[in-house]
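Undergrad: One file: work00.cif (mmCIF, C-alpha atoms).
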data_protein
loop_
_atom_site.label_atom_id
_atom_site.label_comp_id
_atom_site.auth_asym_id
_atom_site.auth_seq_id
_atom_site.Cartn_x
_atom_site.Cartn_y
_atom_site.Cartn_z
CA MET A 1 49.85 1.14 90.19
CA THR A 2 53.04 3.18 90.24
CA PRO A 3 53.63 6.56 91.87
CA GLU A 4 53.88 8.08 88.39
CA THR A 5 50.34 6.91 87.59
CA LEU A 6 48.97 8.57 90.72
CA LEU A 7 50.76 11.83 89.95
CA ARG A 8 49.47 11.76 86.35
CA TRP A 9 45.90 11.35 87.58
CA HIS A 10 46.38 14.33 89.85
CA ARG A 11 47.74 16.47 87.03
CA ASP A 12 44.77 15.54 84.83
CA LEU A 13 42.37 16.43 87.64
CA ILE A 14 43.96 19.89 88.01
CA ARG A 15 43.89 20.45 84.24
CA ARG A 16 40.18 19.63 83.98
CA HIS A 17 39.37 21.80 87.00
CA TRP A 18 41.06 24.98 85.75
CA THR A 19 40.43 24.70 82.03
CA ASN A 20 37.70 27.05 80.64
CA PRO A 21 34.89 25.42 78.68
CA HIS A 22 35.72 25.15 75.01
CA ARG A 23 33.80 27.43 72.72
CA SER A 24 33.57 26.68 69.04
CA ALA A 25 34.78 29.50 66.81
CA GLY A 26 32.75 31.04 63.96
CA ARG A 27 29.16 32.12 63.50
CA PRO A 28 26.38 30.68 65.65
CA SER A 29 24.53 27.79 64.12
CA ILE A 30 21.24 28.31 62.27
CA PRO A 31 18.18 27.51 64.40
CA PRO A 32 16.47 24.29 63.32
CA GLN A 33 13.22 26.14 62.59
CA LEU A 34 14.98 28.52 60.18
CA ARG A 35 16.86 25.65 58.56
CA GLN A 36 13.60 23.79 57.96
CA LEU A 37 11.97 26.95 56.57
CA ILE A 38 14.80 27.47 54.04
CA LEU A 39 14.59 23.87 52.86
CA ARG A 40 10.80 24.09 52.73
CA ILE A 41 10.88 27.20 50.53
CA ALA A 42 13.49 25.60 48.27
CA ALA A 43 11.42 22.42 47.94
CA GLU A 44 8.19 24.29 47.18
CA ASN A 45 9.84 26.61 44.65
CA PRO A 46 12.28 24.61 42.50
CA THR A 47 12.97 27.59 40.20
CA TRP A 48 14.13 29.89 43.03
CA GLY A 49 17.85 30.41 43.57
CA TYR A 50 19.51 31.16 46.89
CA ARG A 51 19.27 34.93 46.26
CA ARG A 52 15.51 34.69 45.68
CA ILE A 53 15.09 32.61 48.84
CA HIS A 54 17.23 35.11 50.79
CA GLY A 55 14.98 37.91 49.61
CA GLU A 56 11.88 36.11 50.84
CA LEU A 57 13.52 35.49 54.22
CA THR A 58 14.45 39.18 54.44
CA ARG A 59 10.80 40.09 53.95
CA LEU A 60 9.92 37.75 56.81
CA GLY A 61 12.41 39.51 59.10
CA TYR A 62 15.20 36.94 59.25
CA LYS A 63 18.65 38.51 59.16
CA LEU A 64 21.23 36.19 57.64
CA ALA A 65 23.80 36.39 54.88
CA PRO A 66 23.02 35.12 51.36
CA SER A 67 26.11 32.92 51.65
CA THR A 68 24.50 31.16 54.61
CA VAL A 69 21.50 30.24 52.47
CA TRP A 70 23.84 29.10 49.69
CA LEU A 71 25.85 26.91 52.10
CA LEU A 72 22.75 25.34 53.62
CA LEU A 73 21.26 24.50 50.22
CA ASN A 74 24.58 23.14 48.99
CA ARG A 75 24.94 20.87 52.02
CA ALA A 76 21.38 19.64 51.49
CA GLY A 77 22.19 18.70 47.89
CA ILE A 78 20.05 21.49 46.38
CA ASP A 79 21.42 23.56 43.52
CA PRO A 80 21.84 27.10 44.92
CA ALA A 81 21.65 28.67 41.40
CA PRO A 82 24.79 30.86 41.46
CA ARG A 83 24.60 34.55 40.77
CA ARG A 84 24.68 35.57 37.11
CA ALA A 85 26.89 38.12 35.45
CA GLY A 86 25.97 41.81 35.30
CA LEU A 87 24.40 43.68 32.39
CA THR A 88 26.45 45.66 29.91
CA TRP A 89 24.17 48.71 30.10
CA ARG A 90 24.06 48.76 33.90
CA GLN A 91 26.05 51.97 34.41
CA PHE A 92 24.09 53.92 31.82
CA LEU A 93 20.68 52.80 33.02
CA SER A 94 21.55 53.25 36.70
CA ALA A 95 22.63 56.84 36.10
CA GLN A 96 19.35 57.80 34.43
CA ALA A 97 16.97 55.15 35.77
CA GLU A 98 14.60 57.70 37.30
CA GLY A 99 13.63 58.92 33.85
CA ILE A 100 13.62 55.72 31.81
CA VAL A 101 10.82 53.36 30.85
CA ALA A 102 11.19 50.40 28.49
CA CYS A 103 8.58 48.60 26.42
CA ASP A 104 8.56 45.39 24.46
CA PHE A 105 6.43 42.51 23.18
CA PHE A 106 6.49 38.84 24.05
CA HIS A 107 4.26 36.07 22.78
CA ILE A 108 2.65 32.92 24.13
CA ASP A 109 1.04 30.03 22.25
CA THR A 110 -2.26 28.73 23.61
CA VAL A 111 -3.35 25.12 23.93
CA LEU A 112 -4.95 25.36 20.47
CA LEU A 113 -1.71 26.82 19.04
CA ARG A 114 -3.11 30.32 18.74
CA ARG A 115 -0.39 32.93 19.25
CA LEU A 116 -1.09 35.84 21.59
CA TYR A 117 1.05 38.96 21.85
CA VAL A 118 1.54 40.88 25.11
CA LEU A 119 2.67 44.52 25.19
CA PHE A 120 4.17 45.72 28.47
CA VAL A 121 6.11 48.63 29.95
CA ILE A 122 8.58 48.49 32.83
CA GLU A 123 9.77 51.46 34.88
CA VAL A 124 13.53 51.00 35.18
CA ALA A 125 13.95 52.87 38.48
CA THR A 126 11.28 50.98 40.43
CA ARG A 127 10.98 47.81 38.28
CA ARG A 128 7.22 48.34 38.25
CA VAL A 129 5.54 46.51 35.35
CA HIS A 130 2.44 47.58 33.44
CA ILE A 131 0.62 45.17 31.12
CA LEU A 132 -0.76 47.36 28.35
CA GLY A 133 -2.73 44.75 26.43
CA VAL A 134 -3.07 41.27 24.94
CA THR A 135 -4.04 40.71 21.31
CA THR A 136 -3.78 38.28 18.43
CA ASN A 137 -3.15 41.04 15.90
CA PRO A 138 -0.79 43.74 17.20
CA THR A 139 -1.27 46.41 14.52
CA GLY A 140 0.28 49.85 14.66
CA ALA A 141 -3.06 51.45 15.49
CA TRP A 142 -3.61 49.05 18.40
CA VAL A 143 -0.13 49.69 19.80
CA THR A 144 -0.64 53.46 19.56
CA GLN A 145 -3.93 53.23 21.46
CA GLN A 146 -2.26 51.26 24.25
CA ALA A 147 0.35 54.01 24.52
CA ARG A 148 -2.42 56.60 24.97
CA ASN A 149 -4.01 54.44 27.66
CA LEU A 150 -0.68 54.24 29.49
CA LEU A 151 -0.30 58.02 29.57
CA MET A 152 -3.78 58.36 31.04
CA ASP A 153 -3.06 55.73 33.70
CA LEU A 154 0.25 57.27 34.77
CA ALA A 155 -1.12 60.84 34.68
CA ASP A 156 1.38 63.22 36.34
CA ARG A 157 3.98 60.50 36.90
CA ILE A 158 4.72 60.31 33.16
CA ARG A 159 6.23 63.80 33.33
CA GLN A 160 9.14 62.39 35.33
CA CYS A 161 10.09 60.10 32.43
CA LYS A 162 12.56 61.42 29.87
CA PHE A 163 13.38 58.35 27.77
CA LEU A 164 11.54 55.39 26.29
CA ILE A 165 13.58 52.36 25.19
CA ARG A 166 12.11 50.20 22.45
CA ASP A 167 13.36 47.94 19.67
CA ARG A 168 12.94 48.47 15.94
CA ASP A 169 9.79 46.38 15.57
CA ALA A 170 7.58 47.67 12.75
CA LYS A 171 4.60 47.66 15.13
CA PHE A 172 6.11 50.71 16.87
CA THR A 173 5.05 53.27 14.28
CA ASP A 174 5.68 57.01 14.07
CA SER A 175 2.29 57.65 15.67
CA PHE A 176 3.36 55.53 18.64
CA ASP A 177 6.49 57.67 19.07
CA ALA A 178 4.43 60.84 18.68
CA VAL A 179 2.28 59.91 21.67
CA PHE A 180 5.31 59.99 23.95
CA ALA A 181 6.82 62.99 22.15
CA THR A 182 3.86 65.04 23.34
CA GLU A 183 5.15 64.45 26.88
CA ARG A 184 8.66 65.53 25.81
CA MET A 185 10.00 62.00 26.01
CA ARG A 186 12.88 60.94 23.79
CA ILE A 187 12.65 57.60 21.99
CA LEU A 188 15.77 55.42 22.21
CA ARG A 189 15.74 52.68 19.59
CA THR A 190 17.98 49.73 20.31
CA PRO A 191 20.49 48.48 17.72
CA VAL A 192 19.53 45.64 15.42
CA ARG A 193 19.73 42.20 17.09
CA ALA A 194 20.93 43.66 20.39
CA PRO A 195 18.49 42.45 23.09
CA ARG A 196 20.86 43.50 25.88
CA ALA A 197 20.32 47.11 24.89
CA ASN A 198 16.81 46.67 26.32
CA ALA A 199 18.05 44.51 29.16
CA TYR A 200 15.45 45.30 31.82
CA ALA A 201 12.53 44.46 29.55
CA GLU A 202 14.23 41.27 28.34
CA ARG A 203 15.01 40.30 31.93
CA TRP A 204 11.37 40.64 32.92
CA VAL A 205 10.25 38.54 29.95
CA GLY A 206 12.60 35.80 31.13
CA THR A 207 11.26 36.12 34.68
CA VAL A 208 7.58 35.86 33.74
CA ARG A 209 8.32 32.88 31.49
CA ARG A 210 10.31 30.96 34.10
CA GLU A 211 7.97 31.66 37.00
CA LEU A 212 4.61 31.53 35.22
CA LEU A 213 4.17 30.92 31.50
CA ASP A 214 6.50 27.93 31.17
CA ARG A 215 4.63 26.21 34.00
CA THR A 216 1.02 26.51 32.83
CA LEU A 217 -1.14 25.99 29.76
CA ILE A 218 -2.96 29.05 28.45
CA MET A 219 -6.47 28.45 27.12
CA GLY A 220 -7.12 31.83 25.51
CA ARG A 221 -6.81 35.60 25.72
CA ARG A 222 -8.99 36.03 28.80
CA HIS A 223 -7.13 33.27 30.61
CA LEU A 224 -3.79 34.92 29.79
CA GLU A 225 -5.03 38.32 30.94
CA MET A 226 -6.21 36.81 34.23
CA VAL A 227 -2.97 34.99 35.09
CA LEU A 228 -0.81 37.93 34.01
CA SER A 229 -2.86 40.32 36.15
CA ASP A 230 -2.43 38.09 39.19
CA TYR A 231 1.30 37.62 38.54
CA VAL A 232 1.96 41.34 37.97
CA MET A 233 0.21 42.10 41.26
CA HIS A 234 2.55 39.63 42.98
CA TYR A 235 5.56 41.05 41.12
CA ASN A 236 4.80 44.70 41.95
CA GLN A 237 3.57 44.28 45.53
CA HIS A 238 5.49 41.34 47.00
CA ARG A 239 8.40 39.96 44.99
CA PRO A 240 11.72 41.18 46.47
CA HIS A 241 14.41 42.73 44.28
CA ARG A 242 18.11 42.94 45.07
CA SER A 243 18.44 46.37 43.44
CA LEU A 244 15.65 47.67 45.73
CA ASP A 245 17.20 46.30 48.97
CA GLN A 246 14.96 43.24 48.77
CA GLY A 247 11.85 45.38 48.56
CA PRO A 248 8.99 45.18 46.02
CA PRO A 249 8.61 47.74 43.19
CA LEU A 250 5.67 49.50 44.88
CA GLY A 251 7.68 50.37 47.99
CA VAL A 252 9.80 48.90 50.75
CA ILE A 253 7.73 47.18 53.43
CA PRO A 254 9.41 47.15 56.88
CA PRO A 255 9.95 43.49 57.74
CA PRO A 256 8.54 42.22 61.04
CA ALA A 257 10.88 41.06 63.76
CA PRO A 258 11.54 37.32 63.45
CA ALA A 259 10.21 35.15 66.22
CA ALA A 260 10.71 31.44 66.61
CA ASP A 261 7.21 30.92 68.00
CA VAL A 262 5.44 32.78 65.15
CA PRO A 263 4.49 30.36 62.35
CA VAL A 264 5.02 31.22 58.70
CA VAL A 265 2.09 30.65 56.37
CA ARG A 266 2.08 30.30 52.60
CA LEU A 267 -0.19 32.38 50.39
CA ASP A 268 -0.88 31.00 46.92
CA ARG A 269 -1.29 33.00 43.73
CA VAL A 270 -2.14 31.93 40.18
CA GLY A 271 -3.68 28.70 41.35
CA GLY A 272 -0.70 27.79 43.54
CA LEU A 273 2.08 28.34 40.97
CA ILE A 274 3.38 31.39 42.85
CA HIS A 275 3.93 31.32 46.61
CA GLU A 276 4.15 34.22 49.05
CA TYR A 277 5.13 33.86 52.70
CA ALA A 278 3.98 35.88 55.70
CA GLN A 279 4.02 35.56 59.46
CA VAL A 280 0.80 34.92 61.30
CA ALA A 281 -0.21 37.95 63.37
#
Take the structure in the file and give it back as structure tokens.
TA:
Amino acid sequence: MTPETLLRWHRDLIRRHWTNPHRSAGRPSIPPQLRQLILRIAAENPTWGYRRIHGELTRLGYKLAPSTVWLLLNRAGIDPAPRRAGLTWRQFLSAQAEGIVACDFFHIDTVLLRRLYVLFVIEVATRRVHILGVTTNPTGAWVTQQARNLLMDLADRIRQCKFLIRDRDAKFTDSFDAVFATERMRILRTPVRAPRANAYAERWVGTVRRELLDRTLIMGRRHLEMVLSDYVMHYNQHRPHRSLDQGPPLGVIPPPAPAADVPVVRLDRVGGLIHEYAQVA
């Protein structure tokens, strides 16, 4: 060897001795248990986007950014379902959401091709949904009776509502409007062929179809009432909402502190079509 080689070895030895350990920049890596949980939820719920998965993780007590969930799903080759555009009536409804309820119909065809109609009401401020009734013949008299039943169920809470949004369907008769007029509520009829004017009701119809009705066969009226009751219970008591800080419509539940050694169990609803997640006590 040459003297220069010996001196170079010595310089390298000094450099390695006094150099601080290298620390990688950026956020800390996701624990393997959390990574597996995210991929598990995504695999078990193919219709959930990254925002829906993030909401479920928030309920379980895991604090991470929605972009982290998006990045993890994207790297795993899973479509993160990007966020959709806002609603045109958002500013108006947000300003008066405390006093607004919206109602609408949607239909479902049974296995024997019998069409059933579902009447529902959604409270805009809390996103709470009420199924008023299921029928094969939604006459004006039937719709009016369901409105009376709603007022009895809500009792004193109906006095906080000032507006009712509905479309121009002929089934909503003058007697239907008169039921709510007795509680000093103003009826807001949407323009013709303008579903976005009743955006919150239309959004819920899309949600219940994607998460439930498009994934099961309905045998009859009683079967539909049963699955809708179970789904609405899940929707009102568990399903997180971004507008409610990832809380359910019936109130924000303080999330437990995440712990790596606490297993997460899956609770099934509607025969396993809907999944809820909770930590084992």
Undergrad: Pick out the residues sitting within 7 Å of Val232 (chain A), and hand them over as a count of residues only; count all atoms listed in the file, and ignore anything fewer than 4 positions along from it in its own chain.
TA: 3
Undergrad: Residues within 12 Å of (11.7, 22.1, 38.4), file coordinates, counting only C-alpha atoms: what are they? Give the list as a count of residues only.
TA: 15
Undergrad: Which residues are close to Leu267 (chain A), i.e. within 12 Å by all atoms listed in the file, leaving aside same-chain residues fewer than 6 positions away? Reply as a ChimeraX atom specification.
TA: /A:234,238,273-280
Undergrad: Emit the selected residues as a PDB file, in the frame of the given file, including C-alpha atoms.
TA:
ATOM      1  CA  HIS A 234       2.550  39.630  42.980  1.00  0.00           C
ATOM      2  CA  HIS A 238       5.490  41.340  47.000  1.00  0.00           C
ATOM      3  CA  LEU A 273       2.080  28.340  40.970  1.00  0.00           C
ATOM      4  CA  ILE A 274       3.380  31.390  42.850  1.00  0.00           C
ATOM      5  CA  HIS A 275       3.930  31.320  46.610  1.00  0.00           C
ATOM      6  CA  GLU A 276       4.150  34.220  49.050  1.00  0.00           C
ATOM      7  CA  TYR A 277       5.130  33.860  52.700  1.00  0.00           C
ATOM      8  CA  ALA A 278       3.980  35.880  55.700  1.00  0.00           C
ATOM      9  CA  GLN A 279       4.020  35.560  59.460  1.00  0.00           C
ATOM     10  CA  VAL A 280       0.800  34.920  61.300  1.00  0.00           C
TER      11      VAL A 280
END
Undergrad: To test your reading of the syntax: which residues would the PyMOL selection byres ((chain A and resi 146) around 10) return for the file shown? Reply as a PyMOL selection string.
TA: chain A and resi 119-120+131-133+141-145+147-152+176
Undergrad: If you count only C-alpha atoms, which residues fall within 8 Å of Arg51 (chain A), apart from same-chain ones fewer than 3 positions away, as a list in words?
TA: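 Residues near the query, excluding close chain neighbours: Trp48, His54, Gly55, Pro66 and Arg83 of chain A.
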Undergrad: Export, as an mmCIF file, in the frame of the given file, the selected residues with C-alpha atoms.
TA:
data_model
loop_
_atom_site.group_PDB
_atom_site.id
_atom_site.type_symbol
_atom_site.label_atom_id
_atom_site.label_comp_id
_atom_site.auth_asym_id
_atom_site.auth_seq_id
_atom_site.Cartn_x
_atom_site.Cartn_y
_atom_site.Cartn_z
ATOM 1 C CA TRP A 48 14.130 29.890 43.030
ATOM 2 C CA HIS A 54 17.230 35.110 50.790
ATOM 3 C CA GLY A 55 14.980 37.910 49.610
ATOM 4 C CA PRO A 66 23.020 35.120 51.360
ATOM 5 C CA ARG A 83 24.600 34.550 40.770
#
Undergrad: Go through A:Thr139, A:Trp70, A:Arg239, A:Thr5 and flag the residue nearest Lys171 (chain A), using all atoms listed in the file for the distances.
TA: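 So, comparing all the options, the nearest one is A:Thr139.
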Undergrad: When you draw a straight line from CA of Glu183 (chain A) to CA of Val118 (chain A), how long is it in Å?
TA: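 According to the coordinates, CA of Glu183 (chain A) and CA of Val118 (chain A) are separated by 23.9 Å.
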